[in-house]
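Let me begin by presenting the structure, written as structure tokens, before commenting on it.
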Amino acid sequence: MNKQELFENIKRKQSFLCVGLDTDIKKIPGHLLKEEDPIFAFNKAIIDATAPYCIAYKPNLAFYESMGVKGWIAFEKTVEYIKKNYPDQFIIADAKRGDIGNTSAMYARTFFEELDIDSLTVAPYMGEDSVTPFLSYEGKWVILLALTSNKGSHDFQLTEDKEGERLFEKVLRKSQEWADDKNMMYVVGATQGRMFEDIRRIVPNHFLLVPGIGAQGGSLEEVCRYGMTPECGLIVNSSRAIIYADKSENFAQAAKDEAGKVQKQMAEQLKAARIV
């Protein structure tokens, strides 16, 4: 999916919502544990309920890898189900990979060849040769960690060098030598507020994947005020607030209702920005 196709989908659905599939076997409704594959059964129901309101899904690999082979099978089935039934959805493998070049090349082969996923989150801190293997796949996206929403982001990402440049700013500037806004995005946490202004001064046209609204308390209004571009430029993720909105047999309907609420808020922001 190229940048224009992603933007057209945002306009058509009046949404830039990504539903995070952080599926924990210990948190899904108990009745699903009787299913042959409880994780996939949960994901399938969530996807069917929320697909009209979102433009992307983001399975977090840690939740699947924690279950070994069974979890990996559920992940693959989830990806295939989205691709077959909702081909307009942008799929993000939230794996935060990144290692020396030959190892990154194997990670890239896994996600972009074997699984044929649209995009992958990548950690940038081993530098260019750890990222460029992911960038050699036409039509695939690298989503580079820039400024995250967790408390520990202050430990390294906001540290300054002697010229006053913060580490996340160095990541943004340097990585533009490796790729452009047609195949690279950045992760920026929703809790960063006005920091989006600083980010947009460096990467005015790149899409940003924004986790942290909902359960983490980030403000959608602030994200849009400081981070939205004329092409929207945002994919805003919500995980727990949607997929665990209810833990009874009505969980899918509750997820649908919650996703619908977020989509309405996003439609208002897009209209205010005269994008739709």
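Residues in the structure tokens are named by chain (A, B, ... in the order shown) and by number from 1 within that chain; ligands are numbered from 1 in the order shown.
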
Q.
If you run DSSP on the backbone here, which positions in region 99-130 of chain A get alpha helix (DSSP H)? Please write them as a list in words.
A. Gly101, Asn102, Thr103, Ser104, Ala105, Met106, Tyr107, Ala108, Glu128, Asp129 and Ser130 of chain A

**Q.** Nearby residues (only C-alpha atoms) at most 7 Å from Ser238 (chain A), same-chain spacing under 2 positions excluded, as a VMD selection string
**A.** chain A and resid 18 to 20 211 to 214 236 240 to 242

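All residues of protein, DNA or RNA that reach within 10 Å of Met195 (chain A), judged by only C-alpha atoms and not counting those fewer than 5 positions away in the chain, are Leu147, Val188, Gly189, Ala190, Arg200, Val223, Tyr226 and Gly227 of chain A.
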
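In this structure, CA of Leu158 (chain A) sits 28.2 Å away from CA of Tyr107 (chain A).
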
(Q) Neighbouring residues of Asp118 (chain A) were defined as those with any atom within 12 Å, considering only C-alpha atoms; residues of the same chain fewer than 3 positions away were excluded. Please report them as a ChimeraX atom specification. (A) /A:1-3,6,56-58,79,82-83,87-94,108,111-115,121,134-135,137-143,183-184

Q. From the set A:Ala252, A:Met266, A:Val276, A:Ile73, which residue has the shortest atom-to-atom contact distance to Ile55 (chain A), counting only C-alpha atoms?
A. A:Met266

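Computed from the coordinates, the CA of Gln263 (chain A) to CA of Lys84 (chain A) distance equals 23.2 Å.
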
Q. CA of Ala95 (chain A) and CA of Ala62 (chain A), how far apart in Å?
A. 7.3 Å

Q. Pick from A:Phe75, A:Tyr86, A:Tyr244, A:Phe251: nearest to Lys27 (chain A), with only C-alpha atoms counted?
A. A:Tyr244

Q. Looking at A:Ser15, A:Pro133, A:Thr229, A:Val187, which one is nearest to Thr50 (chain A), with distances taken over only C-alpha atoms?
A. A:Ser15

Q. Neighbours of Lys264 (chain A) within 12 Å (only C-alpha atoms; same-chain residues fewer than 2 positions away dropped), as a PyMOL selection string?
A. chain A and resi 13-17+52-54+220+257-262+266-271

Q | Selected residue of minimal separation from Lys174 (chain A) among A:Tyr64, A:Trp72, A:Phe42, A:Tyr125, counting only C-alpha atoms | A | A:Tyr125

Q | Residue list (strand (DSSP E or B), DSSP) for region 118-243 of chain A, as a PyMOL selection string | A | chain A and resi 119-122+141-147+160+166+184-188+208-210+213+218+229+232+234-238

Produce a file of the selected residues containing N, CA, C and O atoms, as a compact mmCIF listing (two decimals), in the first residue's frame.
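Full text of part23.txt as output:
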```txt
# COMPACT_ATOMS: atom_id res chain seq x y z
N SER A 119 3.98 -3.38 6.81
CA SER A 119 4.94 -2.53 7.52
C SER A 119 5.42 -3.21 8.79
O SER A 119 4.78 -4.13 9.31
N LEU A 120 6.54 -2.69 9.30
CA LEU A 120 7.17 -3.27 10.47
C LEU A 120 7.78 -2.15 11.30
O LEU A 120 8.43 -1.25 10.77
N THR A 121 7.58 -2.21 12.62
CA THR A 121 8.27 -1.26 13.49
C THR A 121 9.71 -1.71 13.68
O THR A 121 9.99 -2.90 13.85
N VAL A 122 10.62 -0.74 13.65
CA VAL A 122 12.06 -1.03 13.68
C VAL A 122 12.74 -0.10 14.69
O VAL A 122 12.45 1.10 14.73
N TRP A 141 6.79 -0.69 4.22
CA TRP A 141 7.10 0.47 5.05
C TRP A 141 7.92 0.07 6.28
O TRP A 141 7.64 -0.95 6.92
N VAL A 142 8.88 0.91 6.60
CA VAL A 142 9.58 0.85 7.89
C VAL A 142 9.00 1.93 8.78
O VAL A 142 8.85 3.09 8.36
N ILE A 143 8.64 1.55 10.01
CA ILE A 143 8.12 2.52 10.98
C ILE A 143 9.15 2.60 12.11
O ILE A 143 9.25 1.72 12.96
N LEU A 144 9.92 3.66 12.08
CA LEU A 144 11.09 3.80 12.95
C LEU A 144 10.69 4.41 14.29
O LEU A 144 9.97 5.41 14.34
N LEU A 145 11.18 3.83 15.37
CA LEU A 145 10.93 4.40 16.69
C LEU A 145 11.63 5.75 16.79
O LEU A 145 12.83 5.85 16.54
N ALA A 146 10.85 6.78 17.17
CA ALA A 146 11.43 8.11 17.30
C ALA A 146 11.27 8.63 18.73
O ALA A 146 12.25 8.79 19.46
N LEU A 147 10.03 8.89 19.14
CA LEU A 147 9.78 9.43 20.48
C LEU A 147 8.57 8.70 21.04
O LEU A 147 7.44 8.93 20.62
N GLU A 160 20.30 15.47 25.33
CA GLU A 160 20.84 16.43 24.36
C GLU A 160 22.34 16.26 24.21
O GLU A 160 23.05 15.95 25.18
N ARG A 166 18.45 16.91 20.59
CA ARG A 166 18.00 15.75 21.34
C ARG A 166 18.13 14.49 20.49
O ARG A 166 18.11 14.55 19.27
N MET A 184 8.92 5.35 4.74
CA MET A 184 9.30 5.40 6.15
C MET A 184 8.32 6.25 6.93
O MET A 184 7.90 7.33 6.49
N MET A 185 7.93 5.73 8.08
CA MET A 185 7.12 6.46 9.06
C MET A 185 7.89 6.49 10.37
O MET A 185 8.96 5.89 10.49
N TYR A 186 7.31 7.18 11.36
CA TYR A 186 7.93 7.25 12.67
C TYR A 186 6.91 6.99 13.77
O TYR A 186 5.75 7.40 13.65
N VAL A 187 7.35 6.33 14.82
CA VAL A 187 6.52 6.15 16.01
C VAL A 187 6.72 7.36 16.92
O VAL A 187 7.85 7.68 17.31
N VAL A 188 5.60 8.02 17.24
CA VAL A 188 5.63 9.14 18.18
C VAL A 188 4.45 8.96 19.13
O VAL A 188 3.29 8.88 18.71
N LEU A 208 3.06 9.52 10.82
CA LEU A 208 3.45 9.17 12.17
C LEU A 208 2.49 8.11 12.70
O LEU A 208 1.27 8.27 12.59
N LEU A 209 3.04 7.04 13.25
CA LEU A 209 2.24 6.06 13.97
C LEU A 209 2.21 6.49 15.42
O LEU A 209 3.26 6.60 16.06
N VAL A 210 1.01 6.74 15.93
CA VAL A 210 0.86 7.37 17.24
C VAL A 210 0.13 6.44 18.20
O VAL A 210 -1.11 6.35 18.18
N ILE A 213 -3.23 6.82 22.81
CA ILE A 213 -4.55 7.35 23.18
C ILE A 213 -5.30 6.22 23.88
O ILE A 213 -4.96 5.05 23.80
N GLY A 218 -3.29 9.58 26.19
CA GLY A 218 -2.94 10.62 25.22
C GLY A 218 -4.18 11.31 24.66
O GLY A 218 -5.26 10.72 24.58
N THR A 229 -1.10 16.83 9.15
CA THR A 229 -0.62 17.50 7.95
C THR A 229 -1.78 17.64 6.96
O THR A 229 -2.87 17.11 7.19
N CYS A 232 -3.25 14.41 6.29
CA CYS A 232 -3.51 13.78 7.59
C CYS A 232 -2.20 13.43 8.27
O CYS A 232 -1.88 13.97 9.32
N LEU A 234 -1.23 10.96 9.96
CA LEU A 234 -1.32 10.30 11.25
C LEU A 234 -1.99 8.94 11.12
O LEU A 234 -2.97 8.79 10.38
N ILE A 235 -1.47 7.96 11.84
CA ILE A 235 -2.16 6.71 12.09
C ILE A 235 -2.16 6.55 13.60
O ILE A 235 -1.11 6.35 14.21
N VAL A 236 -3.33 6.72 14.20
CA VAL A 236 -3.42 6.75 15.66
C VAL A 236 -3.92 5.41 16.17
O VAL A 236 -5.00 4.95 15.77
N ASN A 237 -3.14 4.80 17.03
CA ASN A 237 -3.43 3.46 17.52
C ASN A 237 -4.14 3.48 18.87
O ASN A 237 -3.80 4.25 19.76
N SER A 238 -5.11 2.61 18.99
CA SER A 238 -5.74 2.33 20.29
C SER A 238 -5.85 0.82 20.42
O SER A 238 -6.34 0.15 19.50
```

Q | Residue nearest Glu249 (chain A) among A:Met126, A:Leu21, A:Ala179, A:Ile28 (counting only C-alpha atoms) | A | A:Ile28

Q.
Taking only C-alpha atoms into account, name the residue in A:Pro124, A:Gly164, A:Pro59, A:Pro29 that is nearest to Gly98 (chain A).
A. A:Pro124

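For Gly30 (chain A), the non-local neighbours within 12 Å, defined as residues at least 5 positions apart in the same chain or in other chains and counting only C-alpha atoms, are Asp24, Ile25, Glu35, Pro38, Ile39, Ala41, Phe42, Asp246, Lys247, Ser248, Glu249, Asn250 and Phe251 of chain A.
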
Output for the residues just chosen: C-alpha atoms as a short mmCIF file (atom, residue, chain, number, x, y, z; two decimals), in the first residue's frame:
```
data_model
loop_
_atom_site.label_atom_id
_atom_site.label_comp_id
_atom_site.auth_asym_id
_atom_site.auth_seq_id
_atom_site.Cartn_x
_atom_site.Cartn_y
_atom_site.Cartn_z
CA ASP A 24 -3.49 -11.63 25.87
CA ILE A 25 -4.86 -15.14 26.51
CA GLU A 35 -12.23 -22.61 20.99
CA PRO A 38 -8.81 -18.79 21.34
CA ILE A 39 -6.46 -16.01 20.25
CA ALA A 41 -11.21 -16.50 17.59
CA PHE A 42 -10.89 -13.30 19.64
CA ASP A 246 -15.90 -5.56 27.61
CA LYS A 247 -14.92 -9.02 28.81
CA SER A 248 -18.30 -10.70 28.51
CA GLU A 249 -19.78 -12.50 25.51
CA ASN A 250 -20.65 -9.01 24.22
CA PHE A 251 -16.99 -8.07 23.84
#
```
